[in-house]
file run18.txt (compact mmCIF, C-alpha atoms)
# COMPACT_ATOMS: atom_id res chain seq x y z
CA MET K 1 107.11 104.69 218.70
CA THR K 2 105.77 106.69 215.81
CA ILE K 3 107.81 107.95 212.90
CA SER K 4 107.77 111.58 213.98
CA GLY K 5 108.83 110.65 217.50
CA ARG K 6 111.65 108.48 216.28
CA LEU K 7 112.89 111.16 213.93
CA ALA K 8 112.85 113.75 216.69
CA MET K 9 114.80 111.38 218.90
CA LEU K 10 117.38 110.71 216.22
CA PHE K 11 117.94 114.39 215.61
CA LYS K 12 118.31 115.00 219.31
CA ALA K 13 120.71 112.10 219.72
CA LYS K 14 123.00 113.63 217.13
CA ALA K 15 123.15 116.85 219.06
CA SER K 16 123.73 115.32 222.46
CA LYS K 17 126.49 113.13 221.10
CA VAL K 18 128.37 116.28 220.13
CA LEU K 19 127.58 117.94 223.41
CA ASP K 20 128.68 114.97 225.52
CA ARG K 21 131.99 114.84 223.77
CA ALA K 22 132.75 118.46 224.61
CA GLU K 23 135.17 119.12 227.42
CA ASP K 24 134.32 122.76 227.72
CA PRO K 25 130.77 123.49 226.53
CA ARG K 26 131.74 127.05 225.75
CA GLU K 27 134.09 125.87 223.04
CA THR K 28 131.36 123.71 221.62
CA LEU K 29 129.12 126.73 221.39
CA ASP K 30 131.73 128.72 219.52
CA TYR K 31 132.56 125.85 217.25
CA SER K 32 128.91 125.23 216.51
CA TYR K 33 128.42 128.89 215.71
CA GLU K 34 131.23 128.73 213.15
CA LYS K 35 129.58 125.72 211.61
CA GLN K 36 126.30 127.56 211.45
CA LEU K 37 127.88 130.43 209.56
CA GLU K 38 129.47 127.99 207.13
CA LEU K 39 126.17 126.27 206.56
CA LEU K 40 124.51 129.61 205.95
CA GLN K 41 127.03 130.31 203.19
CA GLN K 42 126.40 126.90 201.70
CA VAL K 43 122.65 127.35 201.68
CA ARG K 44 122.95 130.68 199.93
CA ARG K 45 125.15 129.08 197.30
CA GLY K 46 122.60 126.28 197.07
CA VAL K 47 119.82 128.76 196.38
CA ALA K 48 121.92 130.39 193.67
CA ASP K 49 122.61 126.98 192.06
CA VAL K 50 118.95 126.08 191.96
CA ALA K 51 118.15 129.47 190.45
CA THR K 52 120.75 128.90 187.75
CA SER K 53 119.20 125.56 186.85
CA ARG K 54 115.77 127.12 186.80
CA LYS K 55 116.92 129.82 184.39
CA ARG K 56 118.43 127.22 182.15
CA LEU K 57 115.09 125.43 181.97
CA GLU K 58 113.36 128.69 181.13
CA LEU K 59 115.78 129.30 178.30
CA GLN K 60 115.18 125.83 176.94
CA ALA K 61 111.44 126.29 177.18
CA GLU K 62 111.71 129.46 175.09
CA GLN K 63 113.68 127.58 172.48
CA LEU K 64 111.14 124.79 172.40
CA VAL K 65 108.25 127.23 172.04
CA SER K 66 109.89 128.95 169.10
CA SER K 67 110.67 125.56 167.55
CA ALA K 68 107.06 124.51 167.90
CA ASP K 69 105.84 127.77 166.39
CA LYS K 70 108.20 127.46 163.49
CA LEU K 71 107.20 123.87 162.85
CA GLN K 72 103.56 124.88 162.89
CA GLN K 73 104.24 127.50 160.22
CA GLN K 74 106.21 125.01 158.20
CA ALA K 75 103.36 122.54 158.41
CA SER K 76 100.83 124.99 157.04
CA GLN K 77 103.28 126.09 154.36
CA ALA K 78 103.74 122.47 153.40
CA VAL K 79 99.99 121.81 153.32
CA SER K 80 99.31 124.78 151.07
CA ALA K 81 102.09 123.55 148.84
CA GLY K 82 100.37 120.19 148.68
CA ARG K 83 103.16 118.39 150.51
CA GLU K 84 101.34 116.42 153.16
CA ASP K 85 104.38 114.26 153.82
CA LEU K 86 106.42 117.28 154.84
CA ALA K 87 103.56 118.71 156.85
CA ARG K 88 103.20 115.44 158.70
CA GLU K 89 106.91 115.38 159.45
CA ALA K 90 106.79 118.94 160.75
CA LEU K 91 103.77 118.19 162.93
CA THR K 92 105.38 115.07 164.34
CA ARG K 93 108.39 117.09 165.36
CA ARG K 94 106.16 119.77 166.74
CA SER K 95 104.37 117.33 168.97
CA ALA K 96 107.70 115.98 170.21
CA ALA K 97 108.73 119.53 171.03
CA LEU K 98 105.46 120.14 172.86
CA GLU K 99 105.89 116.95 174.83
CA GLN K 100 109.33 118.07 175.95
CA LEU K 101 107.85 121.44 176.81
CA ALA K 102 105.19 119.91 179.04
CA ASP K 103 107.81 117.85 180.80
CA LEU K 104 109.97 120.91 181.22
CA GLY K 105 107.03 122.74 182.73
CA ARG K 106 106.64 120.09 185.40
CA GLN K 107 110.36 120.12 186.15
CA HIS K 108 110.32 123.87 186.34
CA ALA K 109 107.50 123.86 188.87
CA SER K 110 109.28 121.37 191.08
CA LEU K 111 112.54 123.30 190.87
CA GLN K 112 110.78 126.52 191.70
CA ALA K 113 109.26 124.87 194.76
CA GLN K 114 112.72 123.72 195.87
CA GLU K 115 114.09 127.20 195.35
CA THR K 116 111.34 128.82 197.40
CA LYS K 117 111.76 126.31 200.21
CA LEU K 118 115.49 126.71 200.29
CA THR K 119 115.21 130.48 200.28
CA PHE K 120 112.92 130.34 203.29
CA SER K 121 115.21 127.83 204.98
CA ALA K 122 118.14 130.18 204.51
CA GLN K 123 116.20 133.10 205.98
CA ARG K 124 115.04 131.02 208.91
CA LEU K 125 118.49 129.67 209.58
CA GLN K 126 119.89 133.18 209.55
CA SER K 127 117.45 134.31 212.24
CA LYS K 128 118.11 131.21 214.32
CA VAL K 129 121.85 131.62 214.03
CA GLU K 130 121.51 135.21 215.13
CA ALA K 131 119.38 134.16 218.11
CA PHE K 132 121.84 131.40 218.95
CA ARG K 133 124.73 133.83 218.97
CA THR K 134 122.98 136.11 221.47
CA ARG K 135 122.08 133.19 223.67
CA LYS K 136 125.59 131.79 223.45
CA GLU K 137 127.11 135.06 224.65
CA THR K 138 124.69 135.25 227.55
CA ILE K 139 125.46 131.69 228.59
CA LYS K 140 129.18 132.26 228.34
CA ALA K 141 129.01 135.45 230.39
CA THR K 142 127.23 133.78 233.26
CA TYR K 143 129.03 130.55 232.89
CA THR K 144 129.07 127.86 235.51
CA ALA K 145 129.66 124.40 234.17
CA ALA K 146 126.53 122.77 235.57
CA GLU K 147 124.30 125.61 234.54
CA ALA K 148 125.73 125.76 231.06
CA GLN K 149 124.96 122.13 230.38
CA THR K 150 121.27 122.58 231.03
CA LYS K 151 120.85 126.06 229.62
CA MET K 152 122.77 125.20 226.58
CA GLY K 153 121.21 121.85 225.94
CA GLU K 154 118.03 123.19 224.47
CA ALA K 155 119.55 125.88 222.34
CA PHE K 156 122.15 123.50 221.13
CA SER K 157 119.83 120.71 220.11
CA GLY K 158 117.46 123.33 218.69
CA ILE K 159 120.10 124.79 216.46
CA SER K 160 121.58 121.47 215.42
CA GLU K 161 118.10 120.27 214.48
CA GLU K 162 117.68 123.40 212.38
CA MET K 163 121.05 122.81 210.77
CA ALA K 164 120.26 119.18 210.05
CA ASP K 165 116.96 120.21 208.49
CA VAL K 166 118.61 122.79 206.27
CA GLY K 167 121.32 120.28 205.40
CA LEU K 168 118.70 117.78 204.29
CA ALA K 169 116.83 120.41 202.30
CA MET K 170 120.07 121.23 200.54
CA GLN K 171 120.77 117.60 199.73
CA ARG K 172 117.30 117.23 198.26
CA ALA K 173 117.66 120.38 196.21
CA GLU K 174 121.05 119.21 194.96
CA ASP K 175 119.65 115.82 193.97
CA LYS K 176 116.76 117.45 192.13
CA THR K 177 119.10 119.85 190.39
CA ALA K 178 121.43 117.06 189.34
CA GLN K 179 118.54 115.06 187.86
CA LEU K 180 117.34 118.13 186.03
CA GLN K 181 120.73 118.92 184.69
CA ALA K 182 120.94 115.48 183.16
CA ARG K 183 117.54 116.02 181.57
CA ALA K 184 118.39 119.52 180.44
CA GLY K 185 121.55 118.15 178.84
CA ALA K 186 119.45 115.61 176.96
CA ILE K 187 117.12 118.32 175.68
CA ASP K 188 120.08 120.42 174.59
CA GLU K 189 121.35 117.47 172.61
CA LEU K 190 117.94 116.92 171.08
CA LEU K 191 117.72 120.56 170.07
CA ALA K 192 121.21 120.49 168.65
CA SER K 193 120.54 117.35 166.66
CA GLY K 194 117.82 119.18 164.73
CA ALA K 195 115.27 116.57 165.70
CA LEU K 196 113.19 119.31 167.22
CA ASP K 197 114.27 121.79 164.58
CA ASP K 198 116.61 124.11 166.37
CA ALA K 199 115.54 127.50 165.10
CA SER K 200 119.05 128.81 165.47
CA GLY K 201 120.46 126.36 162.95
CA PRO K 202 118.44 126.73 159.77
CA ALA K 203 121.21 125.16 157.74
CA GLN K 204 120.50 121.72 159.13
CA ASP K 205 116.73 121.95 158.88
CA PRO K 206 115.60 119.58 156.11
CA ILE K 207 111.96 120.62 156.26
CA GLN K 208 112.77 124.25 155.72
CA SER K 209 115.17 123.61 152.87
CA GLU K 210 112.60 121.39 151.17
CA LEU K 211 109.99 124.12 151.59
CA ASP K 212 112.40 126.74 150.27
CA ARG K 213 113.17 124.61 147.29
CA MET K 214 109.48 124.12 146.74
CA SER K 215 108.52 127.75 146.98
CA SER K 216 110.54 128.53 143.88
CA HIS K 217 109.20 125.36 142.40
CA SER K 218 105.65 126.33 143.26
CA ASP K 219 105.96 129.61 141.37
CA VAL K 220 106.51 127.48 138.32
CA GLU K 221 103.55 125.29 139.21
CA LEU K 222 101.34 128.31 139.73
CA GLU K 223 102.27 129.62 136.33
CA MET K 224 101.57 126.22 134.87
CA ALA K 225 98.15 126.14 136.45
CA ARG K 226 97.36 129.57 135.11
CA ILE K 227 98.35 128.53 131.62
CA LYS K 228 96.28 125.38 131.83
CA ALA K 229 93.27 127.32 133.03
CA ALA K 230 93.57 129.73 130.15
CA LEU K 231 93.31 126.90 127.64
CA PRO K 232 89.88 126.38 126.02
CA ALA K 233 87.81 124.23 128.38
CA GLY K 234 87.31 121.10 126.37
CA GLY K 235 88.63 118.40 128.68
CA ALA K 236 86.69 116.27 131.12
CA PRO K 237 87.83 118.01 134.35
CA ALA K 238 86.03 121.19 133.38
CA ALA K 239 82.70 119.43 133.62
CA ILE K 240 82.83 119.50 137.43
CA SER K 241 81.13 122.84 137.71
CA ALA K 242 78.35 121.71 135.39
CA GLY K 243 77.25 124.86 133.69
CA GLU K 244 79.31 127.98 134.16
CA PRO K 245 82.95 127.08 133.91
CA ASP K 246 84.77 129.45 136.20
CA ALA K 247 88.44 128.62 135.90
CA ASP K 248 89.61 130.70 138.85
CA THR K 249 87.30 129.35 141.49
CA ALA K 250 87.06 125.80 140.21
CA PRO K 251 85.83 124.35 143.50
CA PRO K 252 87.22 121.18 144.94
CA PRO K 253 84.80 118.27 144.58
CA ARG K 254 83.52 118.37 148.18
CA SER K 255 82.06 121.85 147.82
CA GLU K 256 79.30 120.45 145.69
CA LEU K 257 77.65 119.21 148.86
CA ALA K 258 76.93 122.76 149.78
CA SER K 259 75.77 123.88 146.37
CA GLY K 260 72.07 123.38 146.89
CA PRO K 261 70.01 121.35 144.41
CA ALA K 262 73.11 119.96 142.79
CA PRO K 263 71.73 117.90 139.97
CA SER K 264 75.16 117.69 138.48
CA THR K 265 76.59 114.67 140.26
CA GLU K 266 74.04 112.30 138.81
CA ASP K 267 74.31 113.86 135.41
CA LEU K 268 77.99 113.26 135.44
CA ARG K 269 77.95 109.53 135.75
CA MET G 1 103.75 120.42 221.13
CA ILE G 2 106.42 121.60 218.71
CA VAL G 3 106.43 119.74 215.42
CA ARG G 4 108.92 120.19 212.63
CA ILE G 5 108.08 119.50 209.03
CA LEU G 6 111.43 118.92 207.40
CA GLY G 7 112.20 121.64 204.89
CA GLU G 8 109.38 123.84 206.19
CA GLY G 9 110.24 124.65 209.76
CA GLN G 10 108.65 124.27 213.20
CA LEU G 11 105.03 124.66 214.22
CA GLU G 12 103.46 124.85 217.66
CA VAL G 13 100.51 122.47 217.61
CA PRO G 14 97.78 122.72 220.29
CA ASP G 15 97.48 119.76 222.65
CA ARG G 16 93.90 119.03 221.67
CA VAL G 17 94.94 117.78 218.22
CA VAL G 18 97.92 115.75 219.35
CA ALA G 19 95.87 112.57 219.70
CA GLU G 20 94.59 112.87 216.14
CA LEU G 21 98.08 113.52 214.84
CA ASN G 22 99.40 110.52 216.72
CA GLN G 23 96.82 108.33 215.03
CA LEU G 24 97.83 109.61 211.63
CA ASP G 25 101.44 109.11 212.56
CA ALA G 26 100.69 105.49 213.43
CA ALA G 27 98.95 105.05 210.07
CA LEU G 28 102.05 106.46 208.41
CA GLU G 29 104.13 103.98 210.33
CA SER G 30 102.11 101.02 209.10
CA ALA G 31 102.21 102.31 205.52
CA VAL G 32 105.99 102.27 205.80
CA ALA G 33 105.93 98.82 207.37
CA ASP G 34 103.67 97.49 204.59
CA ASN G 35 105.68 99.26 201.94
CA ASP G 36 102.40 100.73 200.73
CA GLU G 37 103.52 103.79 198.80
CA PRO G 38 100.04 105.06 197.76
CA ALA G 39 98.80 104.84 201.35
CA PHE G 40 101.99 106.49 202.54
CA ASP G 41 101.55 109.41 200.13
CA LYS G 42 97.94 109.88 201.14
CA VAL G 43 98.51 109.69 204.90
CA LEU G 44 101.59 111.90 204.79
CA ALA G 45 99.83 114.58 202.73
CA TYR G 46 96.86 114.51 205.08
CA LEU G 47 98.99 114.52 208.22
CA LEU G 48 101.10 117.44 207.02
CA GLY G 49 97.94 119.28 206.03
CA ARG G 50 96.54 118.87 209.55
CA VAL G 51 99.77 120.03 211.16
CA ARG G 52 99.89 123.10 208.92
CA ALA G 53 96.22 123.83 209.54
CA PHE G 54 96.39 123.64 213.34
CA GLY G 55 99.94 124.74 213.93
CA THR G 56 101.32 128.24 214.35
CA PRO G 57 104.88 128.83 213.16
CA VAL G 58 107.50 128.97 215.90
CA PRO G 59 109.06 132.46 215.77
CA ASP G 60 112.45 132.55 214.07
CA HIS G 61 114.25 133.91 217.12
CA LEU G 62 113.30 130.90 219.24
CA VAL G 63 115.87 128.14 219.08
CA VAL G 64 114.23 125.03 220.48
CA PRO G 65 114.21 121.34 219.63
CA SER G 66 111.04 119.65 218.31
CA GLU G 67 109.12 116.86 219.98
CA ALA G 68 108.09 115.41 216.66
CA ILE G 69 109.72 115.63 213.25
CA LEU G 70 107.87 114.84 210.04
CA PRO G 71 109.35 114.02 206.65
CA PRO G 72 108.95 116.52 203.79
CA PRO G 73 105.78 116.30 201.63
CA ASP G 74 107.41 114.75 198.59
CA SER G 75 109.25 111.99 200.46
CA THR G 76 109.18 108.36 199.52
CA ILE G 77 109.10 105.38 201.85
CA ALA G 78 112.71 104.66 200.95
CA GLU G 79 113.74 108.15 202.01
CA VAL G 80 111.96 107.84 205.32
CA ARG G 81 113.57 104.46 205.90
CA ALA G 82 116.96 105.97 205.21
CA LEU G 83 116.28 108.78 207.69
CA LEU G 84 115.16 106.34 210.37
CA GLY G 85 118.03 104.01 209.66
CA ASP G 86 120.42 106.52 211.17
CA ASP G 87 122.91 105.63 208.47
CA GLY G 88 124.41 109.07 208.57
CA LEU G 89 121.74 110.64 206.41
CA ILE G 90 120.85 113.19 209.05
CA PRO G 91 123.53 115.83 208.60
CA GLY G 92 125.21 117.69 211.43

call {"tool": "encode", "arguments": {"input": "run18.txt", "output": "structure tokens"}}
result
Amino acid sequence: MTISGRLAMLFKAKASKVLDRAEDPRETLDYSYEKQLELLQQVRRGVADVATSRKRLELQAEQLVSSADKLQQQASQAVSAGREDLAREALTRRSAALEQLADLGRQHASLQAQETKLTFSAQRLQSKVEAFRTRKETIKATYTAAEAQTKMGEAFSGISEEMADVGLAMQRAEDKTAQLQARAGAIDELLASGALDDASGPAQDPIQSELDRMSSHSDVELEMARIKAALPAGGAPAAISAGEPDADTAPPPRSELASGPAPSTEDLR
Amino acid sequence: MIVRILGEGQLEVPDRVVAELNQLDAALESAVADNDEPAFDKVLAYLLGRVRAFGTPVPDHLVVPSEAILPPPDSTIAEVRALLGDDGLIPG
């Protein structure tokens, strides 16, 4: 027998086991209805739990985005300050943050799918439970034992199949949520450790403090550079521009590639 | 024929496609038997796609059992085995 047939049989067997055990089918109907209402409550709580986890992920994603942005800024600050080592460090952290973010995105999508499914399951179950209640009252009103067994059989196995399905969906959602919570906890720890530069804790951010220290330092350097430039151009470095020494724009060596005829390079050596 | 996709609900599938679905179901069965996860994923996705394409949802107010029940789209072979094993995994 195929998988789908076997599964259907198993679900049905569960229901008929309950039904066979019942002395008065009417009591079974009432008892089952109570169970259905309980399950409905549980599913609604389940949906709320998944939503909470989803929101937590969204919050973490926001934090990671702002970390990545900040690290990007720090990297360019560091580059313009001539500190490639710091820039590299910042970019390494940024890419770690982005990696986490991508992972979070995937988790978020899967959680959202669970949430949607569970929401639909809850709605469906509610309608079925409502339909079951009506049917149950009709069966009870016109009750004769033999009749009830047959009339009830279908509704009963129908509803218990629905309940089993919803129960499974809930288990799956709970498992997913538990996995995610473990992951989310790990990301929280990572953020807190400063390894991804938690933007909320600037005190423990070594890159920023180094940059801060340097920015006051770089004022000094800038002044130094200005003073040096103002000195009479007698030294070797000034020869780079070969002709009109322009202290302010003194181009970095590679720009000579773009400077047309450029006879200077050969002249230099 | 009424088919349930676990986690998605029941669909009424026309008789003319039942044979095709049965074939796919058999392929799913052998993927489980061979422990061939890639084949399992592929067949299951295709099978569920066919059921969704041909089936019409059973109205919510109808409470009826299904003739066939299919595992949810993201299941693994292990999960299906556990379901079939009747080791108390089916709640209720």

call {"tool": "interface_residues", "arguments": {"input": "run18.txt", "of": "chain G", "to": "chain K", "cutoff": "7 Å", "atoms": "all atoms listed in the file", "output": "ChimeraX atom specification"}}
result
/G:6-8,25-26,29,60-70,84,90-92

call {"tool": "residues_around", "arguments": {"input": "run18.txt", "residues": "Phe54 in chain G", "least_positions_apart": "4", "cutoff": "8 Å", "atoms": "all atoms listed in the file", "output": "PyMOL selection string"}}
result
chain G and resi 13-14+17+50

call {"tool": "write_last_selection", "arguments": {"input": "run18.txt", "atoms": "C-alpha atoms", "output": "CSV table (one decimal), in the coordinates of the input"}}
result
chain,number,residue,atom,x,y,z
G,13,VAL,CA,100.5,122.5,217.6
G,14,PRO,CA,97.8,122.7,220.3
G,17,VAL,CA,94.9,117.8,218.2
G,50,ARG,CA,96.5,118.9,209.6

call {"tool": "atom_distance", "arguments": {"input": "run18.txt", "atom1": "CA of Arg56 in chain K", "atom2": "CA of Ala90 in chain K"}}
result
25.7 Å

call {"tool": "atom_distance", "arguments": {"input": "run18.txt", "atom1": "CA of Asp15 in chain G", "atom2": "CA of Pro72 in chain G"}}
result
22.3 Å

call {"tool": "atom_distance", "arguments": {"input": "run18.txt", "atom1": "CA of Ala97 in chain K", "atom2": "CA of Gln208 in chain K"}}
result
16.5 Å

call {"tool": "residues_around", "arguments": {"input": "run18.txt", "residues": "Leu57 in chain K", "least_positions_apart": "3", "cutoff": "8 Å", "atoms": "all atoms listed in the file", "output": "list in words"}}
result
Ser53, Arg54, Gln60, Ala61, Leu104, His108 and Ala184 of chain K

call {"tool": "residues_near_point", "arguments": {"input": "run18.txt", "point": "(108.7, 112.8, 205.6)", "cutoff": "8 Å", "atoms": "only C-alpha atoms", "output": "JSON, numbers by chain"}}
result
{"G": [5, 6, 44, 70, 71, 72, 73, 74, 75, 76, 79, 80]}
